[in-house]
file run15.cif (mmCIF, C-alpha atoms and all ligand atoms)
data_run
#
loop_
_atom_site.label_atom_id
_atom_site.label_comp_id
_atom_site.auth_asym_id
_atom_site.auth_seq_id
_atom_site.Cartn_x
_atom_site.Cartn_y
_atom_site.Cartn_z
CA MET A 252 173.63 154.20 219.16
CA SER A 253 170.99 154.25 216.41
CA SER A 254 172.21 153.41 212.95
CA ILE A 255 171.69 153.98 209.27
CA THR A 256 172.53 151.00 207.11
CA ASN A 257 175.37 151.56 204.70
CA ASN A 258 177.08 148.80 202.69
CA ASP A 259 178.40 146.09 204.91
CA PHE A 260 178.31 147.78 208.31
CA ALA A 261 176.02 150.47 209.67
CA THR A 262 177.35 153.97 210.25
CA ALA A 263 177.24 155.12 213.86
CA SER A 264 175.16 158.18 214.61
CA LEU A 265 177.27 159.71 217.32
CA LYS A 266 176.34 162.85 219.19
CA THR A 267 177.99 166.11 218.14
CA ILE A 268 178.96 168.25 221.10
CA LYS A 269 179.73 171.95 220.84
CA PHE A 270 183.00 172.71 222.57
CA SER A 271 182.11 176.42 222.92
CA ALA A 272 179.02 175.43 224.94
CA LEU A 273 181.13 173.22 227.22
CA GLU A 274 183.54 176.13 227.74
CA ASN A 275 180.53 178.16 228.89
CA LYS A 276 179.46 175.30 231.16
CA ASP A 277 176.14 175.04 229.36
CA VAL A 278 174.23 172.49 231.47
CA LYS A 279 172.45 170.82 228.56
CA GLU A 280 175.66 170.37 226.60
CA VAL A 281 177.46 168.96 229.64
CA ASP A 282 174.55 166.50 230.09
CA LYS A 283 174.95 165.49 226.46
CA LEU A 284 178.69 164.96 227.00
CA ILE A 285 178.06 162.71 229.98
CA GLU A 286 175.34 160.79 228.19
CA ALA A 287 177.64 160.11 225.21
CA SER A 288 180.50 159.13 227.53
CA ARG A 289 178.35 156.73 229.54
CA SER A 290 177.03 154.87 226.51
CA GLU A 291 178.90 155.09 223.19
CA GLY A 292 182.13 156.36 224.74
CA PHE A 293 182.61 158.21 221.43
CA TYR A 294 181.38 161.62 220.22
CA TYR A 295 182.20 164.37 217.73
CA LEU A 296 183.51 167.65 219.09
CA ASP A 297 182.66 170.77 217.08
CA PHE A 298 185.15 173.60 217.73
CA GLU A 299 183.30 176.41 215.98
CA ASP A 300 183.30 179.71 217.93
CA SER A 301 185.42 178.18 220.69
CA SER A 302 188.92 178.96 221.98
CA ALA A 303 190.09 175.91 219.97
CA ALA A 304 188.50 176.98 216.66
CA SER A 305 191.90 176.81 214.95
CA LEU A 306 192.41 173.10 215.62
CA PRO A 307 190.92 171.76 212.33
CA LEU A 308 193.11 174.20 210.39
CA LYS A 309 196.21 173.12 212.31
CA LYS A 310 195.23 169.50 211.65
CA ARG A 311 195.32 170.17 207.91
CA GLU A 312 198.79 171.69 208.19
CA LEU A 313 200.00 168.80 210.31
CA LEU A 314 198.68 166.23 207.82
CA LYS A 315 200.79 167.83 205.07
CA VAL A 316 203.95 167.61 207.18
CA MET A 317 203.15 164.05 208.26
CA LYS A 318 202.88 162.94 204.66
CA ARG A 319 206.36 164.33 204.00
CA TYR A 320 207.66 162.53 207.08
CA PHE A 321 206.21 159.10 206.32
CA ASP A 322 207.21 159.37 202.62
CA GLN A 323 210.87 159.19 203.68
CA PRO A 324 212.78 155.91 203.22
CA ARG A 325 212.36 153.37 206.00
CA GLU A 326 216.03 153.70 207.06
CA VAL A 327 215.62 157.45 207.62
CA LYS A 328 212.52 157.00 209.78
CA GLN A 329 214.21 154.16 211.62
CA GLU A 330 216.79 156.67 212.90
CA ASP A 331 213.96 158.15 214.99
CA ALA A 332 213.17 154.79 216.63
CA THR A 333 213.92 154.34 220.33
CA GLY A 334 212.47 150.87 220.91
CA ARG A 335 209.68 152.42 223.00
CA PRO A 336 206.12 152.68 221.64
CA THR A 337 205.57 156.11 223.19
CA ARG A 338 208.84 157.66 222.04
CA GLY A 339 209.73 158.18 218.40
CA TYR A 340 209.16 156.13 215.27
CA VAL A 341 207.50 152.71 215.47
CA ALA A 342 207.65 150.60 212.30
CA LYS A 343 204.71 148.80 210.77
CA GLY A 344 204.07 145.33 212.12
CA THR A 345 205.31 146.19 215.64
CA PHE A 346 201.77 145.73 216.94
CA THR A 347 199.49 142.85 216.08
CA GLY A 348 197.34 143.46 213.00
CA ASN A 349 193.60 143.08 212.87
CA ASN A 350 193.57 140.11 210.57
CA ILE A 351 194.31 136.83 212.32
CA GLU A 352 195.91 135.46 209.15
CA GLN A 353 198.20 138.47 208.72
CA PRO A 354 199.20 139.55 212.21
CA ASN A 355 202.09 141.67 210.83
CA GLU A 356 199.94 144.05 208.83
CA SER A 357 199.57 146.82 211.46
CA PHE A 358 200.20 150.56 211.01
CA GLU A 359 203.39 152.62 211.57
CA HIS A 360 203.46 155.68 213.82
CA LEU A 361 205.51 158.51 215.21
CA ALA A 362 204.97 159.09 218.94
CA ILE A 363 205.77 162.59 220.21
CA SER A 364 205.95 162.67 224.00
CA THR A 365 204.34 165.88 225.20
CA TYR A 366 206.36 165.69 228.42
CA GLU A 367 209.72 165.35 226.69
CA LEU A 368 208.89 167.97 224.10
CA GLN A 369 208.92 170.57 226.91
CA SER A 370 212.58 170.04 227.74
CA ASP A 371 214.07 168.51 224.59
CA LEU A 372 212.51 169.88 221.43
CA LYS A 373 215.32 168.74 219.12
CA GLY A 374 215.54 165.23 220.57
CA THR A 375 211.77 164.72 220.45
CA LEU A 376 210.88 166.19 217.07
CA PRO A 377 212.27 164.74 213.82
CA ARG A 378 213.76 167.33 211.46
CA VAL A 379 210.75 167.46 209.11
CA PHE A 380 208.59 168.66 212.02
CA GLN A 381 211.20 171.09 213.34
CA GLU A 382 211.12 172.74 209.93
CA ALA A 383 207.39 173.36 210.42
CA GLY A 384 208.19 175.86 213.20
CA GLY A 385 205.75 175.91 216.09
CA LEU A 386 203.10 173.74 214.43
CA VAL A 387 203.44 170.63 216.63
CA GLY A 388 203.83 172.66 219.83
CA ASP A 389 200.76 174.78 219.00
CA TYR A 390 198.73 171.72 218.12
CA ILE A 391 199.58 170.07 221.44
CA THR A 392 198.87 173.25 223.45
CA THR A 393 195.42 173.49 221.86
CA CYS A 394 194.73 169.82 222.62
CA GLN A 395 195.77 170.42 226.22
CA GLN A 396 193.28 173.30 226.49
CA VAL A 397 190.54 171.09 225.07
CA VAL A 398 191.11 168.13 227.38
CA THR A 399 191.47 170.38 230.44
CA ALA A 400 188.03 171.84 229.73
CA LEU A 401 186.56 168.37 229.10
CA LEU A 402 188.07 166.98 232.32
CA SER A 403 186.63 169.88 234.27
CA CYS A 404 183.15 169.07 232.88
CA TYR A 405 183.53 165.41 233.84
CA THR A 406 184.80 166.29 237.33
CA SER A 407 181.82 168.49 238.12
CA ALA A 408 179.16 166.36 236.41
CA LEU A 409 180.39 163.20 238.14
CA SER A 410 180.80 165.04 241.49
CA LEU A 411 184.44 164.02 241.80
CA SER A 412 186.14 166.02 244.54
CA GLY A 413 189.38 166.22 246.51
CA ALA A 414 191.93 163.63 245.33
CA SER A 415 189.41 162.32 242.78
CA GLU A 416 189.35 165.56 240.77
CA LEU A 417 190.43 164.53 237.29
CA GLU A 418 192.49 167.65 236.58
CA GLN A 419 194.83 166.78 239.46
CA HIS A 420 195.85 163.57 237.70
CA HIS A 421 196.44 165.32 234.40
CA VAL A 422 198.91 168.11 235.08
CA HIS A 423 200.39 168.71 231.65
CA LYS A 424 203.86 169.69 232.86
CA ASN A 425 204.25 166.48 234.90
CA ALA A 426 205.59 163.17 233.57
CA SER A 427 203.10 161.00 231.70
CA GLU A 428 202.79 158.71 228.71
CA THR A 429 200.68 161.32 226.90
CA ILE A 430 201.64 161.44 223.24
CA LEU A 431 200.73 163.04 219.99
CA ALA A 432 200.56 159.93 217.80
CA LEU A 433 200.87 160.46 214.06
CA LEU A 434 199.64 157.31 212.38
CA SER A 435 200.23 156.08 208.85
CA TYR A 436 198.46 153.16 207.18
CA PRO A 437 200.03 152.57 203.76
CA GLY A 438 198.51 149.88 201.53
CA GLN A 439 195.95 147.89 203.45
CA LEU A 440 197.50 148.17 206.92
CA THR A 441 195.12 147.99 209.88
CA HIS A 442 194.82 148.73 213.60
CA GLN A 443 193.64 145.86 215.76
CA LYS A 444 190.59 146.06 218.02
CA HIS A 445 191.36 147.76 221.33
CA THR A 446 190.25 150.31 223.86
CA ASP A 447 192.52 153.30 224.40
CA LEU A 448 194.59 152.93 227.54
CA GLY A 449 194.55 156.60 228.49
CA SER A 450 191.91 159.14 229.48
CA LEU A 451 190.75 160.96 226.36
CA THR A 452 191.68 160.78 222.67
CA ILE A 453 191.31 163.65 220.20
CA LEU A 454 191.30 161.98 216.81
CA PHE A 455 191.27 163.35 213.28
CA SER A 456 191.33 161.41 210.03
CA ASP A 457 189.98 162.43 206.64
CA GLN A 458 189.54 158.81 205.61
CA TRP A 459 187.15 155.98 206.34
CA GLY A 460 188.47 152.96 208.23
CA LEU A 461 187.64 153.55 211.89
CA GLN A 462 184.96 151.30 213.40
CA ALA A 463 183.61 151.03 216.95
CA VAL A 464 181.43 148.47 218.67
CA ALA A 465 177.93 149.87 219.27
CA PRO A 466 177.07 149.09 222.90
CA SER A 467 173.37 148.76 222.04
CA SER A 468 173.85 145.97 219.47
CA GLY A 469 177.38 144.67 220.05
CA GLU A 470 177.99 145.15 216.30
CA TRP A 471 180.82 146.99 214.56
CA GLU A 472 179.83 150.35 213.05
CA TRP A 473 181.74 152.78 210.83
CA ILE A 474 182.69 156.11 212.37
CA GLU A 475 182.23 158.72 209.65
CA PRO A 476 185.33 160.90 209.13
CA ARG A 477 184.58 164.62 209.39
CA GLU A 478 186.71 167.45 208.12
CA ASP A 479 186.18 169.89 210.99
CA ASP A 480 184.99 167.83 213.97
CA ALA A 481 187.31 165.72 216.06
CA VAL A 482 186.28 162.26 217.17
CA ILE A 483 186.72 162.05 220.93
CA ASN A 484 186.74 158.83 222.85
CA VAL A 485 186.98 157.84 226.47
CA GLY A 486 189.91 155.56 227.36
CA ASP A 487 190.39 152.93 230.05
CA ALA A 488 192.09 155.28 232.53
CA LEU A 489 189.19 157.75 232.50
CA ARG A 490 186.75 154.88 232.85
CA PHE A 491 188.70 153.60 235.86
CA LEU A 492 189.11 157.10 237.38
CA SER A 493 185.35 157.63 237.02
CA GLY A 494 184.67 154.53 239.12
CA LYS A 495 183.73 152.72 235.87
CA ARG A 496 180.80 155.03 235.21
CA LEU A 497 182.14 156.02 231.79
CA TYR A 498 182.58 153.73 228.79
CA SER A 499 185.85 153.07 227.01
CA CYS A 500 184.64 151.80 223.68
CA VAL A 501 186.25 149.03 221.63
CA HIS A 502 187.41 150.23 218.20
CA ARG A 503 189.69 149.28 215.29
CA VAL A 504 190.75 150.35 211.81
CA VAL A 505 189.87 148.11 208.87
CA ARG A 506 190.43 148.66 205.15
CA GLY A 507 187.62 146.75 203.45
CA GLY A 508 184.03 147.75 202.70
CA ARG A 509 183.53 151.48 202.32
CA ALA A 510 187.17 152.12 203.32
CA LYS A 511 188.45 150.08 200.38
CA GLU A 512 189.07 152.96 198.02
CA GLU A 513 190.80 155.20 200.55
CA GLY A 514 194.44 154.35 199.76
CA HIS A 515 197.16 155.48 202.18
CA ARG A 516 195.36 156.48 205.37
CA TYR A 517 196.66 158.98 207.92
CA SER A 518 195.32 159.89 211.35
CA ILE A 519 196.32 162.19 214.18
CA ALA A 520 195.62 161.05 217.74
CA TYR A 521 196.35 163.18 220.77
CA LEU A 522 196.35 160.47 223.43
CA LEU A 523 195.93 161.95 226.91
CA ARG A 524 197.15 159.68 229.68
CA PRO A 525 197.11 160.43 233.42
CA ASN A 526 200.32 161.45 235.16
CA ASP A 527 202.60 158.44 235.67
CA GLU A 528 201.93 158.08 239.41
CA ALA A 529 198.11 158.23 239.24
CA VAL A 530 196.61 155.08 240.80
CA PHE A 531 193.25 153.52 239.99
CA GLU A 532 191.46 150.21 239.94
CA ASP A 533 191.76 148.30 236.65
CA ALA A 534 189.26 146.02 234.88
CA ASP A 535 190.12 143.15 237.24
CA GLY A 536 189.80 145.29 240.40
CA ALA A 537 193.58 145.51 240.98
CA ALA A 538 195.29 148.81 241.85
CA VAL A 539 197.54 149.98 239.03
CA THR A 540 199.54 153.13 238.22
CA ALA A 541 199.03 154.91 234.93
CA ARG A 542 202.64 154.16 234.01
CA ASP A 543 202.23 150.40 234.64
CA LEU A 544 198.94 150.24 232.76
CA ALA A 545 200.63 151.81 229.73
CA LYS A 546 203.46 149.27 229.86
CA VAL A 547 201.16 146.25 230.18
CA LYS A 548 198.83 147.54 227.48
CA TYR A 549 201.59 148.16 224.95
CA ASP A 550 203.06 144.72 225.64
CA THR A 551 199.63 143.28 224.91
CA TYR A 552 199.36 145.25 221.62
CA SER A 553 202.30 143.20 220.32
CA ALA A 554 201.16 139.82 221.67
CA SER A 555 199.61 137.06 219.56
CA HIS A 556 195.83 137.02 219.13
CA VAL A 557 195.70 133.93 221.36
CA GLU A 558 197.57 135.65 224.20
CA GLN A 559 195.48 138.82 223.77
CA ALA A 560 192.28 136.83 224.18
CA ARG A 561 193.52 135.46 227.52
CA SER A 562 193.66 138.82 229.32
CA THR A 563 191.30 141.74 229.91
CA VAL A 564 193.94 144.32 228.98
CA LEU A 565 193.54 144.83 225.22
CA MET A 566 189.87 145.73 225.49
CA GLY A 567 189.99 147.12 229.03
CA GLY A 568 187.42 144.52 230.10
CA MET A 569 184.84 146.18 227.84
CA ASP A 570 184.02 142.99 225.93
CA ARG A 571 182.86 141.59 229.29
CA VAL A 572 180.89 144.75 230.10
CA LEU A 573 179.25 144.71 226.68
CA GLY A 574 178.75 140.95 226.78
CA VAL A 575 180.07 140.62 223.25
CA ASN A 576 182.70 138.59 221.51
CA VAL A 577 184.01 140.82 218.71
O1 LIG B 1 193.75 155.72 213.13
C1 LIG B 1 192.67 155.78 213.71
O2 LIG B 1 191.66 156.27 213.19
C2 LIG B 1 192.52 155.21 215.10
C3 LIG B 1 193.74 155.35 215.95
C4 LIG B 1 193.56 154.72 217.29
O3 LIG B 1 192.60 154.04 217.57
C5 LIG B 1 194.58 154.94 218.33
O4 LIG B 1 195.63 155.54 218.03
O5 LIG B 1 194.36 154.51 219.47
FE FE B 2 192.47 153.81 219.71
#

call {"tool": "encode", "arguments": {"input": "run15.cif", "output": "structure tokens"}}
result
Amino acid sequence: MSSITNNDFATASLKTIKFSALENKDVKEVDKLIEASRSEGFYYLDFEDSSAASLPLKKRELLKVMKRYFDQPREVKQEDATGRPTRGYVAKGTFTGNNIEQPNESFEHLAISTYELQSDLKGTLPRVFQEAGGLVGDYITTCQQVVTALLSCYTSALSLSGASELEQHHVHKNASETILALLSYPGQLTHQKHTDLGSLTILFSDQWGLQAVAPSSGEWEWIEPREDDAVINVGDALRFLSGKRLYSCVHRVVRGGRAKEEGHRYSIAYLLRPNDEAVFEDADGAAVTARDLAKVKYDTYSASHVEQARSTVLMGGMDRVLGVNV
């Protein structure tokens, strides 16, 4: 990852990949996708002229509705809580914050289970989102199209066949911990360093704050927010399913430096996870199901910094791979 210096941290120069070219199986673009996924583990996806060209527009609509949702009093949002991190409202401070001195300063989020949304629209979607008609459903369907096309590129480029074909472990109608996560960072709230536990993340935010560790230097770098391109990153499960050929990059959200003036930050993360029963080898070489990995990872998100440092789970073993202590 080459860098341009900017304030305190450098800004990452990630590759921008054209989704329309991937849909056409353009060999050069698929090569670029694999290259980015083997090194940075992060890239921008440009949807222009593709079947998902409407996604940035839908993102803007969704951001408006999200703001209305998170503006509600805490007690109202709390009615949507289920006690599970992948179902419903999760209050700020549930996960460990980035700052070791203020571990309770982490973000709040609303997790919409894509599996449960299929059979229980009313139970899964808070009223504010129901009033927005088909917006959430359309957004998720478009994300599903995008990840299906990406998985198909990875499957063929990595010569995965038979039971290893990635699409077989990501059947959208089957049970999984896949969620549309709507994140809210009022004040100076943060998101601790981590790798994503799932396969692929489609992330949008209009505000600075996101940083990733550059594999080439082991240093934190800002990820520039872009209005129309999504930030895509590879998660632990895809790294494991690829036989550890792909990189699941360590990232976090901080509020200092060039993010200082941003105010209340919002982000939208479609977090694709494999079907619950998918089995793969984790960072320690042990066989694990996707469902169990999700449980262990979320438990670790809420642990103390000391406990987190004792296991490979929070960073998917990537700190070891990178040889860095971030
Ligand atoms: O809010 C962001 O920009 C990052 C969110 C994130 O890393 C996640 O949901 O896993
Ligand atoms: Fe993440």

call {"tool": "residues_near_ligand", "arguments": {"input": "run15.cif", "ligand": "ligand LIG 1 (chain B)", "cutoff": "6 Å", "atoms": "all atoms listed in the file", "output": "PyMOL selection string"}}
result
chain A and resi 447+461+518+520

call {"tool": "atom_distance", "arguments": {"input": "run15.cif", "atom1": "atom CA of Asp322 of chain A", "atom2": "atom CA of Glu359 of chain A"}}
result
11.8 Å

call {"tool": "residues_around", "arguments": {"input": "run15.cif", "residues": "Gly292 of chain A", "least_positions_apart": "5", "cutoff": "9 Å", "atoms": "all atoms listed in the file", "output": "PyMOL selection string"}}
result
chain A and resi 286-287+483-486+497-501

call {"tool": "closest_atom_pairs", "arguments": {"input": "run15.cif", "of": "chain A", "to": "ligand FE 2 (chain B)", "cutoff": "12 Å", "atoms": "all atoms listed in the file", "output": "Markdown table"}}
result
| residue | atom | partner | partner_atom | distance |
| --- | --- | --- | --- | --- |
| A:Gly292 | CA | B:FE2 | FE | 11.8 |
| A:Phe293 | CA | B:FE2 | FE | 10.9 |
| A:Ala432 | CA | B:FE2 | FE | 10.3 |
| A:Leu434 | CA | B:FE2 | FE | 10.8 |
| A:Thr441 | CA | B:FE2 | FE | 11.7 |
| A:His442 | CA | B:FE2 | FE | 8.3 |
| A:Gln443 | CA | B:FE2 | FE | 9.0 |
| A:Lys444 | CA | B:FE2 | FE | 8.2 |
| A:His445 | CA | B:FE2 | FE | 6.4 |
| A:Thr446 | CA | B:FE2 | FE | 5.9 |
| A:Asp447 | CA | B:FE2 | FE | 4.7 |
| A:Leu448 | CA | B:FE2 | FE | 8.2 |
| A:Gly449 | CA | B:FE2 | FE | 9.4 |
| A:Ser450 | CA | B:FE2 | FE | 11.1 |
| A:Leu451 | CA | B:FE2 | FE | 9.9 |
| A:Thr452 | CA | B:FE2 | FE | 7.6 |
| A:Ile453 | CA | B:FE2 | FE | 9.9 |
| A:Leu454 | CA | B:FE2 | FE | 8.7 |
| A:Phe455 | CA | B:FE2 | FE | 11.6 |
| A:Leu461 | CA | B:FE2 | FE | 9.2 |
| A:Gln462 | CA | B:FE2 | FE | 10.1 |
| A:Ala463 | CA | B:FE2 | FE | 9.7 |
| A:Val482 | CA | B:FE2 | FE | 10.8 |
| A:Ile483 | CA | B:FE2 | FE | 10.1 |
| A:Asn484 | CA | B:FE2 | FE | 8.2 |
| A:Val485 | CA | B:FE2 | FE | 9.6 |
| A:Gly486 | CA | B:FE2 | FE | 8.3 |
| A:Asp487 | CA | B:FE2 | FE | 10.6 |
| A:Ser499 | CA | B:FE2 | FE | 9.9 |
| A:Cys500 | CA | B:FE2 | FE | 9.0 |
| A:Val501 | CA | B:FE2 | FE | 8.1 |
| A:His502 | CA | B:FE2 | FE | 6.4 |
| A:Arg503 | CA | B:FE2 | FE | 6.9 |
| A:Val504 | CA | B:FE2 | FE | 8.8 |
| A:Ser518 | CA | B:FE2 | FE | 10.7 |
| A:Ile519 | CA | B:FE2 | FE | 10.8 |
| A:Ala520 | CA | B:FE2 | FE | 8.1 |
| A:Tyr521 | CA | B:FE2 | FE | 10.2 |
| A:Leu522 | CA | B:FE2 | FE | 8.6 |
| A:Leu523 | CA | B:FE2 | FE | 11.4 |
| A:Lys548 | CA | B:FE2 | FE | 11.8 |
| A:Tyr549 | CA | B:FE2 | FE | 11.9 |
| A:Tyr552 | CA | B:FE2 | FE | 11.2 |
| A:Leu565 | CA | B:FE2 | FE | 10.6 |
| A:Met566 | CA | B:FE2 | FE | 10.3 |
| A:Gly567 | CA | B:FE2 | FE | 11.7 |

call {"tool": "closest_residue", "arguments": {"input": "run15.cif", "among": "A:Tyr390, A:Phe260, A:Trp471, A:Trp459", "to": "Arg311 of chain A", "atoms": "all atoms listed in the file"}}
result
A:Tyr390
